[in-house]
Amino acid sequence: MYDVGLYGGSFDPLHMGHMDCILQAASMCRRLFLVLSVGTARREIPARVRYRWLYQVTEHIGNVTILTLEDSAQEKAAYSLEDWRRDAQSLKDQIGEPIDVVFCGSDYGPDSCWALSYPESALHIFPRNEISSTQIRRDPYAHWDWLPQAVRPYYVKKVLLMGSESTGKSTLTIHLARRFNTNYVAEAGRELSEKSGTDRMMLSEDFTEILLQHKLNELHAIEHSNKLLFIDTDALVTRFYMRFLEDPAIERNGALADALDALNTYDLILFLEPDVAFVQDGDRSPIIRDDRERYSQQIKDLLTLHHRSFVCVSGSYYERYAQAVQLVEALLR
């Protein structure tokens with residue numbers, strides 16, 4: 001058992017090989033210092049994201065402290081032994097006590113910069129697994145099983161389905177979630193709009209709740225998604241219904257909808273055209289039923305106004321499903 005240990009890396013991204021090393025190292029030391037290397041001049045996953053990953057996977061241990069170490073090298077290969085030794089001294093000063101052991105992978109050896117920068121410390125080398133962070137960055141979906149649960153949400157692709165009433169959005173959302181073995185976010189407004197029995201008697205507070213609840217549902221769902229998250233409707237559709245249903249507080253709720261839209265990011269937006277039969281399911285509007293193209297275009301105009309690119313999906317229910325699957329498969333590639 002060592003007293004103080006050190007294990008560092010860029011963790012860009014953190015993967016299961018890192019996890020195994022961290023857990024072994026933590027069990028071999030009284031205190032383990034994890035050092036997150038941050039290249040301020042390199043394209044890396046944001047440091048705060050990587051710091052949170054390290055915290056989430058080690059918070060149960062109790063003897064792990066996370067430190068960050070910044071450098072301005074354009075490339076890791078440009079890092080000299082002098083740079084390594086300077087940073088090593090910075091870490092020694094932060095830790096304030098002797099470092100008994102330095103842990104690293106077998107891509108480093110006894111003559112590596114780790115060994116040369118910490119000559120007074122033992123060097124413990126973990127056998128390197130066959131997967132590297134570089135391979136994962138190139139294709140995270142092909143290496144999904146190598147990503148810890150805490151890391152996966154960063155790579156989840158979000159697919160939004162939009163359209164006017166009775167275009168098959170909700171059913172297609174579930175179909176796609178089943179097809180790709182993942183989860184989905186249901187339209188929050190479907191239930192919340194009927195607190196008065198009909199959406200024609202909604203209160204302004206109902207629109208506020210719909211907007212906030214839908215975003216919260218998305219934030220919670222993405223933590224458990226399998227590569228993809230399918231989302232039925234978003235803030236812009238709610239904004240459309242504020243006007244259609246004459247929300248008395250449309251300015252206030254409209255500002256909230258715009259703010260949420262500014263926060264939202266999607267990798268693919270599928271817009272379902274109103275060219276399937278209208279089905280009266282619940283409290284669907286006969287006004288929209290009688291002029292479907294007009295109201296569908298109004299939602300498209302909102303998307304365009306908010307600089308959202310979208311792909312139109314049309315045809316029979318089978319054709320819509322086939323088009324959507326093809327587009328999502330292309331997204332993952």
# chains A, B, ... in the order shown; residues from 1 in each chain; ligands from 1

call {"tool": "closest_atom_pairs", "arguments": {"of": "segment 206-265 of chain A", "to": "segment 309-329 of chain A", "cutoff": "12 Å", "atoms": "only C-alpha atoms", "output": "Markdown table"}}
result
| residue | atom | partner | partner_atom | distance |
| --- | --- | --- | --- | --- |
| A:Lys227 | CA | A:Val328 | CA | 10.9 |
| A:Leu228 | CA | A:Val328 | CA | 8.9 |
| A:Leu229 | CA | A:Val328 | CA | 10.8 |
| A:Phe230 | CA | A:Val328 | CA | 10.2 |
| A:Thr265 | CA | A:Ser309 | CA | 11.3 |

call {"tool": "residues_around", "arguments": {"residues": "segment 165-178 of chain A", "least_positions_apart": "3", "cutoff": "6 Å", "atoms": "only C-alpha atoms", "output": "ChimeraX atom specification"}}
result
/A:181-183,274,278-279

call {"tool": "closest_residue", "arguments": {"among": "A:Arg289, A:Arg284, A:Lys158, A:Arg179", "to": "Leu270 of chain A", "atoms": "only C-alpha atoms"}}
result
A:Lys158

call {"tool": "select_by_dssp", "arguments": {"residues": "segment 40-234 of chain A", "states": "strand (DSSP E or B)", "output": "JSON, numbers by chain"}}
result
{"A": [64, 65, 66, 67, 68, 69, 70, 71, 101, 102, 103, 104, 105, 122, 123, 124, 125, 126, 157, 158, 159, 160, 161, 162, 163, 183, 184, 185, 226, 228, 229, 230, 231, 232]}

call {"tool": "select_by_dssp", "arguments": {"residues": "segment 50-117 of chain A", "states": "alpha helix (DSSP H)", "output": "MDAnalysis selection string"}}
result
chainID A and resid 50:58 81:95 113:117

call {"tool": "residues_around", "arguments": {"residues": "Arg85 of chain A", "least_positions_apart": "6", "cutoff": "10 Å", "atoms": "only C-alpha atoms", "output": "PyMOL selection string"}}
result
chain A and resi 91+113-114+116-118

call {"tool": "write_last_selection", "arguments": {"atoms": "C-alpha atoms", "output": "CSV table (one decimal), in the first residue's frame"}}
result
chain,number,residue,atom,x,y,z
A,91,LEU,CA,1.9,19.3,-9.0
A,113,CYS,CA,8.6,11.5,-19.3
A,114,TRP,CA,6.6,10.2,-16.4
A,116,LEU,CA,12.1,11.2,-15.7
A,117,SER,CA,9.8,13.9,-14.2
A,118,TYR,CA,9.3,12.0,-10.9

call {"tool": "closest_residue", "arguments": {"among": "A:Ser10, A:Ser121, A:Ser296, A:Asn264", "to": "Ser133 of chain A", "atoms": "only C-alpha atoms"}}
result
A:Ser10

call {"tool": "atom_distance", "arguments": {"atom1": "atom CA of Lys195 of chain A", "atom2": "atom CA of Ala259 of chain A"}}
result
24.9 Å

call {"tool": "residues_around", "arguments": {"residues": "Thr65 of chain A", "least_positions_apart": "6", "cutoff": "8 Å", "atoms": "only C-alpha atoms", "output": "VMD selection string"}}
result
chain A and resid 31 to 34

call {"tool": "atom_distance", "arguments": {"atom1": "atom CA of Ile99 of chain A", "atom2": "atom CA of Met1 of chain A"}}
result
12.9 Å

call {"tool": "atom_distance", "arguments": {"atom1": "atom CA of Glu187 of chain A", "atom2": "atom CA of Ile210 of chain A"}}
result
8.8 Å

call {"tool": "residues_around", "arguments": {"residues": "Ser37 of chain A", "least_positions_apart": "4", "cutoff": "8 Å", "atoms": "only C-alpha atoms", "output": "MDAnalysis selection string"}}
result
chainID A and resid 8:11 68:71

call {"tool": "write_last_selection", "arguments": {"atoms": "N, CA and C atoms", "output": "tab-separated table (two decimals), in the first residue's frame"}}
result
chain	number	residue	atom	x	y	z
A	8	GLY	N	-2.39	10.64	-14.11
A	8	GLY	CA	-2.81	11.77	-14.92
A	8	GLY	C	-3.13	11.39	-16.35
A	9	GLY	N	-3.83	12.30	-17.02
A	9	GLY	CA	-4.17	12.11	-18.42
A	9	GLY	C	-5.10	13.21	-18.88
A	10	SER	N	-5.36	13.22	-20.18
A	10	SER	CA	-6.30	14.21	-20.72
A	10	SER	C	-7.74	13.70	-20.62
A	11	PHE	N	-7.92	12.38	-20.57
A	11	PHE	CA	-9.26	11.78	-20.44
A	11	PHE	C	-10.21	12.39	-21.47
A	68	THR	N	-6.34	19.96	-11.78
A	68	THR	CA	-6.24	20.30	-13.20
A	68	THR	C	-4.88	20.94	-13.46
A	69	LEU	N	-4.37	20.68	-14.67
A	69	LEU	CA	-3.07	21.20	-15.05
A	69	LEU	C	-3.16	21.68	-16.49
A	70	GLU	N	-3.00	22.97	-16.71
A	70	GLU	CA	-3.13	23.56	-18.04
A	70	GLU	C	-1.78	23.69	-18.72
A	71	ASP	N	-1.81	23.55	-20.06
A	71	ASP	CA	-0.62	23.85	-20.86
A	71	ASP	C	-1.09	24.48	-22.16

call {"tool": "closest_residue", "arguments": {"among": "A:Ile95, A:Thr238, A:Val4, A:Leu245", "to": "Thr198 of chain A", "atoms": "only C-alpha atoms"}}
result
A:Leu245

call {"tool": "residues_around", "arguments": {"residues": "Ile287 of chain A", "least_positions_apart": "5", "cutoff": "10 Å", "atoms": "only C-alpha atoms", "output": "ChimeraX atom specification"}}
result
/A:244,292,295

call {"tool": "write_last_selection", "arguments": {"atoms": "C-alpha atoms", "output": "PDB file, in the first residue's frame"}}
result
ATOM      1  CA  PHE A 244     -53.312  29.582 -31.789  1.00  0.00           C
ATOM      2  CA  ARG A 292     -53.699  21.626 -42.235  1.00  0.00           C
ATOM      3  CA  TYR A 295     -50.880  25.635 -39.833  1.00  0.00           C
TER       4      TYR A 295
END

call {"tool": "residues_around", "arguments": {"residues": "Arg42 of chain A", "least_positions_apart": "6", "cutoff": "8 Å", "atoms": "only C-alpha atoms", "output": "list in words"}}
result
Ser72, Ala73, Gln74 and Glu75 of chain A

call {"tool": "write_last_selection", "arguments": {"atoms": "N, CA and C atoms", "output": "PDB file, in the first residue's frame"}}
result
ATOM      1  N   SER A  72      -0.176  25.148 -22.845  1.00  0.00           N
ATOM      2  CA  SER A  72      -0.534  25.871 -24.074  1.00  0.00           C
ATOM      3  C   SER A  72       0.087  25.263 -25.324  1.00  0.00           C
ATOM      4  N   ALA A  73       0.551  24.018 -25.226  1.00  0.00           N
ATOM      5  CA  ALA A  73       1.157  23.366 -26.389  1.00  0.00           C
ATOM      6  C   ALA A  73       0.106  23.144 -27.484  1.00  0.00           C
ATOM      7  N   GLN A  74       0.507  23.381 -28.740  1.00  0.00           N
ATOM      8  CA  GLN A  74      -0.412  23.175 -29.860  1.00  0.00           C
ATOM      9  C   GLN A  74      -0.735  21.697 -30.042  1.00  0.00           C
ATOM     10  N   GLU A  75       0.244  20.845 -29.776  1.00  0.00           N
ATOM     11  CA  GLU A  75       0.087  19.398 -29.891  1.00  0.00           C
ATOM     12  C   GLU A  75       0.794  18.739 -28.707  1.00  0.00           C
TER      13      GLU A  75
END

call {"tool": "decode", "arguments": {"residues": "segment 39-80 of chain A", "atoms": "C-alpha atoms", "output": "PDB file, in the first residue's frame"}}
result
ATOM      1  CA  GLY A  39      -4.605  21.858 -23.439  1.00  0.00           C
ATOM      2  CA  THR A  40      -5.768  25.453 -23.798  1.00  0.00           C
ATOM      3  CA  ALA A  41      -4.517  25.610 -27.404  1.00  0.00           C
ATOM      4  CA  ARG A  42      -5.792  22.179 -28.465  1.00  0.00           C
ATOM      5  CA  ARG A  43      -9.257  21.098 -29.530  1.00  0.00           C
ATOM      6  CA  GLU A  44     -10.455  19.037 -26.592  1.00  0.00           C
ATOM      7  CA  ILE A  45     -13.686  18.220 -24.859  1.00  0.00           C
ATOM      8  CA  PRO A  46     -14.325  21.126 -22.442  1.00  0.00           C
ATOM      9  CA  ALA A  47     -12.320  20.772 -19.244  1.00  0.00           C
ATOM     10  CA  ARG A  48     -15.360  21.209 -17.002  1.00  0.00           C
ATOM     11  CA  VAL A  49     -17.090  18.308 -18.758  1.00  0.00           C
ATOM     12  CA  ARG A  50     -14.097  16.035 -18.253  1.00  0.00           C
ATOM     13  CA  TYR A  51     -13.702  17.158 -14.642  1.00  0.00           C
ATOM     14  CA  ARG A  52     -17.314  16.205 -13.955  1.00  0.00           C
ATOM     15  CA  TRP A  53     -16.791  12.787 -15.510  1.00  0.00           C
ATOM     16  CA  LEU A  54     -13.841  12.147 -13.207  1.00  0.00           C
ATOM     17  CA  TYR A  55     -15.810  13.354 -10.197  1.00  0.00           C
ATOM     18  CA  GLN A  56     -18.878  11.254 -11.014  1.00  0.00           C
ATOM     19  CA  VAL A  57     -16.931   8.018 -11.408  1.00  0.00           C
ATOM     20  CA  THR A  58     -14.828   8.528  -8.259  1.00  0.00           C
ATOM     21  CA  GLU A  59     -17.121  10.286  -5.782  1.00  0.00           C
ATOM     22  CA  HIS A  60     -17.929   6.946  -4.119  1.00  0.00           C
ATOM     23  CA  ILE A  61     -14.281   6.193  -3.339  1.00  0.00           C
ATOM     24  CA  GLY A  62     -13.364   8.864  -0.790  1.00  0.00           C
ATOM     25  CA  ASN A  63      -9.575   8.973  -1.214  1.00  0.00           C
ATOM     26  CA  VAL A  64      -9.408  10.640  -4.657  1.00  0.00           C
ATOM     27  CA  THR A  65      -8.597  14.306  -5.275  1.00  0.00           C
ATOM     28  CA  ILE A  66      -8.869  15.808  -8.757  1.00  0.00           C
ATOM     29  CA  LEU A  67      -6.377  18.435  -9.888  1.00  0.00           C
ATOM     30  CA  THR A  68      -6.241  20.304 -13.197  1.00  0.00           C
ATOM     31  CA  LEU A  69      -3.067  21.196 -15.047  1.00  0.00           C
ATOM     32  CA  GLU A  70      -3.133  23.558 -18.039  1.00  0.00           C
ATOM     33  CA  ASP A  71      -0.625  23.848 -20.864  1.00  0.00           C
ATOM     34  CA  SER A  72      -0.534  25.871 -24.074  1.00  0.00           C
ATOM     35  CA  ALA A  73       1.157  23.366 -26.389  1.00  0.00           C
ATOM     36  CA  GLN A  74      -0.412  23.175 -29.860  1.00  0.00           C
ATOM     37  CA  GLU A  75       0.087  19.398 -29.891  1.00  0.00           C
ATOM     38  CA  LYS A  76       0.941  16.868 -27.218  1.00  0.00           C
ATOM     39  CA  ALA A  77       3.956  15.819 -29.267  1.00  0.00           C
ATOM     40  CA  ALA A  78       5.334  19.349 -28.860  1.00  0.00           C
ATOM     41  CA  TYR A  79       5.597  18.869 -25.098  1.00  0.00           C
ATOM     42  CA  SER A  80       9.274  18.736 -24.087  1.00  0.00           C
TER      43      SER A  80
END
